[in-house]
file start14.cif (mmCIF, C-alpha atoms and all ligand atoms)
data_structure
loop_
_atom_site.label_atom_id
_atom_site.label_comp_id
_atom_site.auth_asym_id
_atom_site.auth_seq_id
_atom_site.Cartn_x
_atom_site.Cartn_y
_atom_site.Cartn_z
CA MET P 1 72.03 117.41 -32.74
CA ALA P 2 73.83 119.37 -30.07
CA VAL P 3 75.67 121.02 -32.89
CA ILE P 4 72.52 123.00 -33.47
CA ARG P 5 73.02 124.86 -30.22
CA GLU P 6 76.62 125.57 -31.02
CA ARG P 7 75.74 126.89 -34.43
CA ARG P 8 72.93 129.11 -33.25
CA LEU P 9 75.28 131.75 -31.92
CA PRO P 10 74.33 135.01 -33.62
CA LYS P 11 76.78 136.60 -35.99
CA GLY P 12 75.34 140.06 -35.44
CA ASN P 13 75.27 141.11 -39.08
CA LEU P 14 71.85 142.70 -38.91
CA THR P 15 71.55 145.90 -40.89
CA LEU P 16 69.29 147.76 -38.46
CA ASP P 17 71.15 150.35 -36.39
CA LEU P 18 72.61 148.51 -33.45
CA PRO P 19 71.22 149.59 -30.11
CA GLY P 20 72.78 150.22 -26.75
CA GLN P 21 72.31 147.35 -24.33
CA ASP P 22 68.86 147.31 -22.88
CA PRO P 23 67.84 143.77 -22.07
CA THR P 24 64.46 143.33 -20.44
CA GLY P 25 65.62 140.79 -17.96
CA GLY P 26 65.66 143.34 -15.15
CA PRO P 27 68.33 144.08 -12.64
CA ASP P 28 68.29 140.65 -11.02
CA CYS P 29 68.75 138.97 -14.35
CA ARG P 30 72.51 139.10 -14.11
CA GLN P 31 72.42 137.07 -10.92
CA ARG P 32 70.88 134.11 -12.70
CA PHE P 33 73.13 131.61 -14.37
CA SER P 34 72.76 130.83 -17.99
CA PHE P 35 72.61 127.13 -18.61
CA PRO P 36 75.54 125.64 -20.47
CA PRO P 37 75.32 124.69 -24.14
CA LEU P 38 74.94 121.04 -24.93
CA PRO P 39 78.00 118.95 -25.67
CA LEU P 40 79.01 118.64 -29.26
CA GLN P 41 77.84 115.60 -31.19
CA PRO P 42 78.36 114.75 -34.86
CA VAL P 43 75.42 115.29 -37.18
CA ALA P 44 74.82 114.24 -40.73
CA THR P 45 75.12 116.94 -43.37
CA LEU P 46 71.65 117.96 -44.43
CA PRO P 47 70.60 119.49 -47.73
CA ALA P 48 70.09 123.24 -47.72
CA ALA P 49 66.49 124.36 -47.20
CA ALA P 50 64.93 127.42 -48.74
CA ILE P 51 63.66 129.80 -46.07
CA PRO P 52 60.32 131.14 -47.31
CA THR P 53 59.99 134.89 -46.85
CA SER P 54 56.90 137.04 -47.12
CA GLY P 55 57.12 139.96 -49.53
CA GLU P 56 54.97 142.53 -47.74
CA HIS P 57 57.64 143.93 -45.37
CA ARG P 58 61.15 145.33 -45.74
CA LEU P 59 63.62 145.86 -42.94
CA SER P 60 63.77 149.58 -43.74
CA ASP P 61 60.04 149.86 -42.90
CA PHE P 62 60.99 149.54 -39.21
CA GLU P 63 62.91 151.57 -36.69
CA LYS P 64 64.58 149.91 -33.79
CA ILE P 65 63.45 150.80 -30.28
CA LYS P 66 65.62 148.54 -28.13
CA VAL P 67 67.01 145.06 -27.62
CA LEU P 68 64.50 142.71 -26.01
CA GLY P 69 66.67 139.68 -25.61
CA HIS P 70 69.57 137.62 -26.81
CA GLY P 71 69.34 133.91 -27.30
CA ASN P 72 71.28 131.15 -28.93
CA GLY P 73 69.24 131.76 -32.08
CA GLY P 74 69.93 135.48 -32.46
CA THR P 75 68.95 138.88 -31.10
CA VAL P 76 65.39 140.06 -30.60
CA TYR P 77 64.60 143.78 -31.03
CA GLN P 78 61.56 145.84 -30.24
CA VAL P 79 60.78 147.74 -33.45
CA ARG P 80 58.19 150.23 -34.68
CA HIS P 81 56.68 150.31 -38.16
CA ARG P 82 57.60 153.77 -39.46
CA ARG P 83 54.30 154.44 -41.22
CA THR P 84 51.69 152.77 -38.98
CA GLY P 85 53.47 153.16 -35.63
CA SER P 86 52.66 149.53 -34.76
CA VAL P 87 55.16 147.89 -32.44
CA TYR P 88 56.57 144.40 -33.05
CA ALA P 89 59.38 142.13 -31.93
CA LEU P 90 61.94 141.39 -34.65
CA LYS P 91 63.96 138.21 -34.17
CA THR P 92 67.05 138.00 -36.35
CA LEU P 93 68.42 134.61 -37.29
CA THR P 94 71.72 133.88 -39.00
CA ALA P 95 71.75 130.98 -41.44
CA ASP P 96 75.43 130.19 -41.69
CA ASP P 97 75.15 126.63 -42.96
CA SER P 98 72.63 124.20 -44.41
CA LEU P 99 71.69 122.70 -41.04
CA ARG P 100 70.92 126.12 -39.67
CA ARG P 101 68.89 126.99 -42.79
CA ARG P 102 66.78 123.88 -42.29
CA GLN P 103 66.25 124.80 -38.68
CA ILE P 104 65.14 128.34 -39.52
CA ALA P 105 62.89 127.06 -42.31
CA ARG P 106 61.24 124.74 -39.80
CA GLU P 107 60.76 127.53 -37.26
CA VAL P 108 59.09 129.62 -39.98
CA GLU P 109 56.91 126.73 -41.11
CA ILE P 110 55.74 126.00 -37.59
CA LEU P 111 54.98 129.66 -36.87
CA ARG P 112 52.96 129.83 -40.07
CA SER P 113 51.05 126.65 -39.39
CA THR P 114 49.90 127.66 -35.91
CA ASP P 115 46.92 129.87 -35.29
CA SER P 116 46.15 130.25 -31.63
CA SER P 117 46.11 132.99 -29.04
CA THR P 118 48.34 130.69 -26.98
CA VAL P 119 51.18 130.66 -29.52
CA ILE P 120 53.19 133.71 -30.62
CA HIS P 121 51.95 135.15 -33.91
CA CYS P 122 54.37 135.73 -36.79
CA HIS P 123 53.40 138.69 -39.00
CA GLY P 124 56.07 138.16 -41.60
CA VAL P 125 59.46 136.79 -42.53
CA ILE P 126 61.90 139.40 -43.83
CA PRO P 127 65.18 138.72 -45.64
CA THR P 128 68.01 141.01 -44.57
CA PRO P 129 70.55 142.48 -47.01
CA SER P 130 73.29 140.40 -45.39
CA GLY P 131 71.43 137.19 -46.14
CA ASP P 132 69.98 136.64 -42.68
CA THR P 133 66.32 136.13 -41.85
CA ALA P 134 64.22 138.26 -39.52
CA LEU P 135 60.93 137.11 -38.02
CA LEU P 136 58.39 139.85 -37.42
CA LEU P 137 56.57 138.72 -34.28
CA GLU P 138 53.78 140.09 -32.16
CA PHE P 139 55.32 142.11 -29.33
CA MET P 140 54.78 140.74 -25.84
CA ASP P 141 55.02 143.78 -23.61
CA ALA P 142 55.58 142.02 -20.27
CA GLY P 143 58.58 139.97 -21.46
CA SER P 144 59.11 136.32 -20.59
CA LEU P 145 58.16 134.39 -17.45
CA GLU P 146 61.90 134.22 -16.74
CA SER P 147 62.31 138.00 -16.78
CA LEU P 148 59.07 138.41 -14.78
CA LEU P 149 60.38 136.09 -12.10
CA ASN P 150 63.69 137.96 -12.00
CA ARG P 151 62.10 141.39 -11.79
CA ARG P 152 59.63 140.31 -9.15
CA GLY P 153 62.32 138.64 -7.06
CA LEU P 154 59.62 136.47 -5.46
CA PRO P 155 57.90 133.22 -6.40
CA PHE P 156 54.39 133.44 -7.85
CA PRO P 157 51.36 132.59 -5.70
CA GLU P 158 49.79 129.20 -6.33
CA LEU P 159 46.55 130.56 -7.75
CA ALA P 160 48.42 132.60 -10.35
CA ILE P 161 50.57 129.57 -11.22
CA ALA P 162 47.44 127.49 -11.86
CA GLY P 163 46.31 130.09 -14.43
CA ILE P 164 49.77 130.21 -16.02
CA ALA P 165 49.93 126.41 -16.25
CA ARG P 166 46.45 126.34 -17.81
CA GLN P 167 47.46 128.77 -20.53
CA VAL P 168 50.68 126.92 -21.35
CA LEU P 169 48.80 123.61 -21.42
CA LEU P 170 46.31 125.10 -23.90
CA GLY P 171 49.25 126.20 -26.05
CA LEU P 172 50.81 122.73 -25.88
CA SER P 173 47.44 121.18 -26.67
CA HIS P 174 47.27 123.32 -29.83
CA LEU P 175 50.79 122.32 -30.85
CA HIS P 176 50.46 118.63 -30.02
CA SER P 177 47.15 118.40 -31.91
CA ARG P 178 49.16 119.55 -34.96
CA GLN P 179 51.85 116.99 -34.19
CA ILE P 180 54.32 119.71 -33.26
CA VAL P 181 56.61 119.13 -30.29
CA HIS P 182 58.22 122.26 -28.89
CA ARG P 183 61.27 120.64 -27.22
CA ASP P 184 62.39 123.82 -25.44
CA ILE P 185 59.64 124.74 -22.98
CA LYS P 186 61.18 126.90 -20.25
CA PRO P 187 60.36 130.24 -18.57
CA GLY P 188 62.42 132.20 -21.15
CA ASN P 189 60.33 130.84 -24.02
CA LEU P 190 56.93 131.67 -22.49
CA LEU P 191 56.05 135.27 -23.26
CA VAL P 192 53.54 137.48 -21.51
CA ASN P 193 51.57 140.61 -22.42
CA ALA P 194 49.83 143.21 -20.30
CA ALA P 195 46.48 141.50 -20.84
CA GLY P 196 47.88 138.52 -18.92
CA GLU P 197 48.10 136.29 -21.98
CA ILE P 198 50.93 133.76 -22.06
CA LYS P 199 52.16 132.57 -25.44
CA ILE P 200 54.58 129.84 -26.39
CA ALA P 201 57.51 131.23 -28.40
CA ASP P 202 60.84 130.16 -29.87
CA PHE P 203 60.37 127.22 -32.19
CA GLY P 204 64.08 127.09 -33.00
CA VAL P 205 64.40 123.41 -32.08
CA SER P 206 60.79 122.30 -32.46
CA LYS P 207 59.78 119.45 -34.68
CA ILE P 208 56.83 118.40 -36.80
CA MET P 209 56.37 114.74 -35.94
CA ARG P 210 54.44 113.63 -39.02
CA ARG P 211 57.42 114.50 -41.20
CA SER P 212 59.76 111.96 -39.84
CA LEU P 213 60.19 108.40 -38.76
CA ASP P 214 62.98 109.61 -36.55
CA PRO P 215 61.96 108.81 -32.98
CA CYS P 216 63.02 112.32 -32.05
CA VAL P 217 65.24 111.40 -29.14
CA SER P 218 67.76 114.16 -29.47
CA TYR P 219 69.87 116.66 -27.62
CA VAL P 220 68.16 119.83 -28.68
CA GLY P 221 66.62 122.50 -26.52
CA THR P 222 67.99 123.76 -23.25
CA CYS P 223 69.43 120.73 -21.46
CA ALA P 224 68.36 121.97 -18.01
CA TYR P 225 64.69 121.40 -18.86
CA MET P 226 65.21 118.18 -20.82
CA SER P 227 63.46 115.04 -19.62
CA PRO P 228 65.44 111.97 -18.43
CA GLU P 229 64.59 109.90 -21.52
CA ARG P 230 66.19 112.48 -23.79
CA PHE P 231 69.49 111.84 -22.03
CA ASP P 232 68.95 108.11 -21.53
CA PRO P 233 66.16 106.68 -23.70
CA ASP P 234 66.86 103.06 -22.72
CA SER P 235 66.30 103.62 -19.01
CA TYR P 236 63.39 106.03 -19.06
CA GLY P 237 61.82 106.11 -22.51
CA GLY P 238 60.68 102.69 -23.64
CA ASN P 239 58.62 103.68 -26.63
CA TYR P 240 59.83 107.24 -26.87
CA ASP P 241 57.05 109.80 -26.62
CA ALA P 242 58.22 113.24 -27.70
CA TYR P 243 55.02 114.86 -26.44
CA ALA P 244 55.73 113.60 -22.91
CA ALA P 245 59.11 115.38 -23.00
CA ASP P 246 57.27 118.72 -23.35
CA VAL P 247 55.22 117.80 -20.26
CA TRP P 248 58.38 117.22 -18.19
CA SER P 249 59.69 120.66 -19.22
CA LEU P 250 56.35 122.23 -18.32
CA GLY P 251 56.46 120.56 -14.88
CA LEU P 252 59.93 121.95 -14.17
CA THR P 253 58.89 125.39 -15.40
CA VAL P 254 55.82 125.47 -13.16
CA LEU P 255 57.83 124.26 -10.19
CA GLU P 256 60.40 127.01 -10.82
CA LEU P 257 57.65 129.63 -10.65
CA HIS P 258 56.75 128.33 -7.20
CA LEU P 259 60.28 127.94 -5.83
CA GLY P 260 61.70 131.07 -7.44
CA HIS P 261 64.79 129.21 -8.71
CA PHE P 262 65.64 126.35 -11.05
CA PRO P 263 64.29 123.28 -9.19
CA LEU P 264 67.02 120.73 -9.86
CA LEU P 265 69.86 122.71 -8.31
CA PRO P 266 70.16 124.55 -5.01
CA PRO P 267 69.72 128.31 -5.41
CA GLY P 268 72.95 129.90 -6.55
CA GLN P 269 74.64 126.68 -7.72
CA ARG P 270 76.42 127.20 -11.01
CA PRO P 271 75.09 124.66 -13.51
CA ASP P 272 77.31 122.56 -15.69
CA TRP P 273 76.18 119.90 -18.13
CA ALA P 274 77.34 116.90 -16.06
CA THR P 275 75.66 118.16 -12.87
CA LEU P 276 72.43 118.74 -14.73
CA MET P 277 72.52 115.33 -16.39
CA CYS P 278 73.13 113.61 -13.04
CA ALA P 279 70.35 115.58 -11.34
CA ILE P 280 67.88 114.79 -14.13
CA CYS P 281 68.75 111.12 -14.68
CA PHE P 282 69.94 109.88 -11.30
CA GLY P 283 68.29 112.19 -8.78
CA GLU P 284 64.75 111.86 -7.47
CA PRO P 285 62.34 114.12 -9.34
CA PRO P 286 61.90 117.36 -7.41
CA GLU P 287 58.76 117.72 -5.34
CA LEU P 288 56.81 120.64 -3.98
CA PRO P 289 57.13 121.45 -0.28
CA GLU P 290 54.36 120.33 2.12
CA THR P 291 53.12 123.91 2.28
CA ALA P 292 51.79 123.65 -1.27
CA SER P 293 48.26 122.32 -1.75
CA SER P 294 47.82 118.59 -2.34
CA ASP P 295 46.38 119.30 -5.81
CA PHE P 296 49.44 121.31 -6.77
CA ARG P 297 51.80 118.65 -5.45
CA ASP P 298 49.95 115.94 -7.31
CA PHE P 299 49.99 118.01 -10.53
CA ILE P 300 53.77 118.38 -10.33
CA ARG P 301 54.18 114.68 -9.61
CA ARG P 302 52.12 113.79 -12.73
CA CYS P 303 54.37 116.01 -14.88
CA LEU P 304 57.70 114.93 -13.41
CA GLN P 305 57.46 111.16 -13.68
CA LYS P 306 60.91 109.98 -14.73
CA GLU P 307 59.44 107.24 -16.88
CA SER P 308 57.84 109.02 -19.79
CA SER P 309 54.97 106.50 -20.11
CA LYS P 310 53.82 107.35 -16.56
CA ARG P 311 53.64 111.07 -17.22
CA TRP P 312 50.19 112.52 -17.81
CA SER P 313 49.28 113.87 -21.22
CA VAL P 314 48.40 117.51 -21.83
CA ALA P 315 44.68 116.59 -22.09
CA GLN P 316 44.80 114.76 -18.74
CA LEU P 317 46.61 117.65 -17.09
CA LEU P 318 44.03 120.15 -18.34
CA ALA P 319 41.41 118.12 -16.46
CA HIS P 320 43.55 117.84 -13.30
CA PRO P 321 41.93 119.47 -10.21
CA PHE P 322 44.88 121.87 -9.89
CA ILE P 323 43.84 123.34 -13.26
CA ALA P 324 40.15 122.51 -13.69
CA GLY P 325 39.24 123.05 -10.03
CA ARG P 326 40.39 126.69 -9.90
CA ASP P 327 38.41 129.77 -10.70
CA LYS P 328 39.86 130.86 -14.02
CA GLU P 329 38.74 134.48 -13.69
CA GLU P 330 40.29 134.78 -10.25
CA SER P 331 43.63 133.27 -11.23
CA ASP P 332 43.83 135.38 -14.42
CA LEU P 333 43.02 138.54 -12.46
CA LEU P 334 45.71 137.81 -9.89
CA PHE P 335 48.27 137.21 -12.63
CA ARG P 336 47.35 140.48 -14.37
CA GLU P 337 47.81 142.33 -11.07
CA ILE P 338 51.25 140.77 -10.67
CA ILE P 339 52.42 141.70 -14.15
CA SER P 340 50.94 145.17 -14.54
CA PRO P 341 53.89 147.16 -13.11
CA VAL P 342 56.31 145.01 -15.12
CA ALA P 343 54.37 145.35 -18.36
CA VAL P 344 54.51 149.14 -18.09
CA ALA P 345 58.27 149.04 -17.48
CA VAL P 346 59.05 146.62 -20.32
CA GLY P 347 56.65 148.03 -22.88
CA SER P 348 57.68 151.65 -22.51
P1 LIG B 401 67.17 130.81 -26.55
O1 LIG B 401 67.98 130.01 -27.48
O2 LIG B 401 67.92 131.41 -25.41
O3 LIG B 401 65.95 130.08 -26.09
P2 LIG B 401 66.37 132.34 -28.88
O4 LIG B 401 67.57 132.93 -29.53
O5 LIG B 401 65.84 131.15 -29.55
O6 LIG B 401 66.60 132.08 -27.35
P3 LIG B 401 63.86 133.62 -28.26
O7 LIG B 401 63.69 132.68 -27.12
O8 LIG B 401 62.84 133.58 -29.33
O9 LIG B 401 65.32 133.49 -28.90
O10 LIG B 401 63.96 135.10 -27.68
C1 LIG B 401 64.94 135.47 -26.72
C2 LIG B 401 64.32 136.46 -25.74
O11 LIG B 401 63.87 137.63 -26.46
C3 LIG B 401 63.10 135.95 -25.00
O12 LIG B 401 63.44 135.24 -23.83
C4 LIG B 401 62.36 137.25 -24.68
O13 LIG B 401 62.92 137.88 -23.54
C5 LIG B 401 62.66 138.12 -25.90
N1 LIG B 401 61.57 137.98 -26.91
C6 LIG B 401 61.52 137.08 -27.91
N2 LIG B 401 60.40 137.23 -28.65
C7 LIG B 401 59.71 138.25 -28.09
C8 LIG B 401 58.44 138.87 -28.38
N3 LIG B 401 57.69 138.45 -29.38
N4 LIG B 401 58.03 139.89 -27.58
C9 LIG B 401 58.80 140.31 -26.55
N5 LIG B 401 60.00 139.76 -26.21
C10 LIG B 401 60.45 138.74 -26.98
MG MG B 402 64.42 131.14 -26.37
#
call {"tool": "encode", "arguments": {"input": "start14.cif", "output": "structure tokens", "more": "lines below"}}
Ligand code: ATP
Ligand code: MG
result
Amino acid sequence: MAVIRERRLPKGNLTLDLPGQDPTGGPDCRQRFSFPPLPLQPVATLPAAAIPTSGEHRLSDFEKIKVLGHGNGGTVYQVRHRRTGSVYALKTLTADDSLRRRQIAREVEILRSTDSSTVIHCHGVIPTPSGDTALLLEFMDAGSLESLLNRRGLPFPELAIAGIARQVLLGLSHLHSRQIVHRDIKPGNLLVNAAGEIKIADFGVSKIMRRSLDPCVSYVGTCAYMSPERFDPDSYGGNYDAYAADVWSLGLTVLELHLGHFPLLPPGQRPDWATLMCAICFGEPPELPETASSDFRDFIRRCLQKESSKRWSVAQLLAHPFIAGRDKEESDLLFREIISPVAVAVGS
């Protein structure tokens, strides 16, 4: 399945005018390392899938404002509807083979089957003249948690993190109740708007569990946030639970917001696949420092159990004192205060 990552490199044959570089990651973004792609593994050839498009939009209806981000799946642009003036994010995806077409079709299907303020909304799916697919997404004007962390240059306070974790857990609860596993939860895939809402985005490697008898142990997603059982199911998985893998990724993400750097490596260490695999499978799970509250430390411990069966479920975590014991209004207000200068900068 690692082939998916390799094949997701954008071809750049979008027909919108190409912009100058203007990523939203902020000045510190360049100092962060990008995690390495997964090693190549053979995959079976899959039949081509039709990517359903929605007829109500054409690419020419939109003008490009700037580039919002680049990922393994393609480029994301901020665009404006020429007639209404509404602003959206447009994610372009290149389907260069049947595997990739299946993957895009699944991303579209998942976006269409979700309906929650905690998951990014897809307004339409637009075919491009060059045969690519573009997803018209709601625009999140404060960027991702990754870019927020970079721009801020400081970890988030614990109270704000509790509110962030609550929102992501609600998003995961929505997905898991529909038997959807995300498989790539990380700060770059959690998007924020000026109202302080956090939405789960990027379903490029997600999976609908009811569709398959496949136990779903696979190398997809960003390996840095992958749980131990996805590398080594025999040692850590037992009866593999794909939902628990999302919880591990959430735990690492939340810890990163507190530490201000990726938790499994010392700050500044360049990641490579082998180092990450050793840290995840053979190292002790990372812990919070003593200065953090006991509730917070316990919450992280419940998420980062190496044995997947010992990890708490999303429903259990929502009831954990770190989440349920906090004043929601207070934590949301603090988070809005933190993001307001960033939202203005990114959205403009
Ligand atoms: P990767 O493979 O690196 O996870 P990807 O190609 O699958 O990325 P996304 O994660 O969907 O693409 O988007 C890449 C980046 O573009 C995000 O991290 C974010 O900065 C920006 N972005 C994506 N969607 C939106 C949106 N709806 N609103 C604002 N910014 C967005
Ligand atoms: Mg992404």
call {"tool": "atom_distance", "arguments": {"input": "start14.cif", "atom1": "atom N1 of ligand LIG 401 (chain B)", "atom2": "atom CA of P:Ala242"}}
result
25.0 Å
call {"tool": "atom_distance", "arguments": {"input": "start14.cif", "atom1": "atom CA of P:Thr114", "atom2": "atom CA of P:Leu169"}}
result
15.1 Å
call {"tool": "residues_near_ligand", "arguments": {"input": "start14.cif", "ligand": "ligand MG 402 (chain B)", "cutoff": "7 Å", "atoms": "all atoms listed in the file", "output": "PyMOL selection string"}}
result
chain P and resi 71+188-189+202
call {"tool": "atom_distance", "arguments": {"input": "start14.cif", "atom1": "atom CA of P:Leu145", "atom2": "atom CA of P:His258"}}
result
12.0 Å
call {"tool": "closest_atom_pairs", "arguments": {"input": "start14.cif", "of": "chain P", "to": "ligand LIG 401 (chain B)", "cutoff": "6 Å", "atoms": "all atoms listed in the file", "output": "tab-separated table"}}
result
residue	atom	partner	partner_atom	distance
P:Leu68	CA	B:LIG401	C5	4.9
P:Gly69	CA	B:LIG401	O11	3.6
P:His70	CA	B:LIG401	C1	5.1
P:Gly71	CA	B:LIG401	O4	3.0
P:Asn72	CA	B:LIG401	O1	3.8
P:Gly73	CA	B:LIG401	O4	3.3
P:Gly74	CA	B:LIG401	O4	4.5
P:Val76	CA	B:LIG401	O11	5.0
P:Ala89	CA	B:LIG401	N3	4.8
P:Leu137	CA	B:LIG401	N3	5.0
P:Glu138	CA	B:LIG401	N3	5.1
P:Phe139	CA	B:LIG401	N4	3.9
P:Met140	CA	B:LIG401	N4	3.8
P:Asp141	CA	B:LIG401	C9	5.9
P:Gly143	CA	B:LIG401	N5	5.0
P:Ser144	CA	B:LIG401	O13	5.1
P:Gly188	CA	B:LIG401	O12	4.2
P:Asn189	CA	B:LIG401	O7	4.9
P:Ala201	CA	B:LIG401	O8	5.9
P:Asp202	CA	B:LIG401	O8	4.0
P:Gly204	CA	B:LIG401	O5	5.6
call {"tool": "residues_around", "arguments": {"input": "start14.cif", "residues": "P:Leu159", "least_positions_apart": "5", "cutoff": "9 Å", "atoms": "all atoms listed in the file", "output": "list in words"}}
result
Ile164, Arg326, Asp327, Glu330, Ser331, Asp332, Leu334 and Phe335 of chain P
call {"tool": "closest_residue", "arguments": {"input": "start14.cif", "among": "P:Asp272, P:Glu329, P:Asp115, P:Glu197", "to": "P:Cys223", "atoms": "all atoms listed in the file"}}
result
P:Asp272
call {"tool": "residues_around", "arguments": {"input": "start14.cif", "residues": "P:Leu304", "least_positions_apart": "6", "cutoff": "7 Å", "atoms": "all atoms listed in the file", "output": "list in words"}}
result
Trp248, Gly251, Pro285 and Arg311 of chain P
call {"tool": "residues_around", "arguments": {"input": "start14.cif", "residues": "stretch 178-184 of chain P", "least_positions_apart": "5", "cutoff": "12 Å", "atoms": "only C-alpha atoms", "output": "MDAnalysis selection string"}}
result
chainID P and resid 5 106:107 109:111 113:116 119 168 171:173 189:190 200:212 215:227 230 241:250 252:253 314
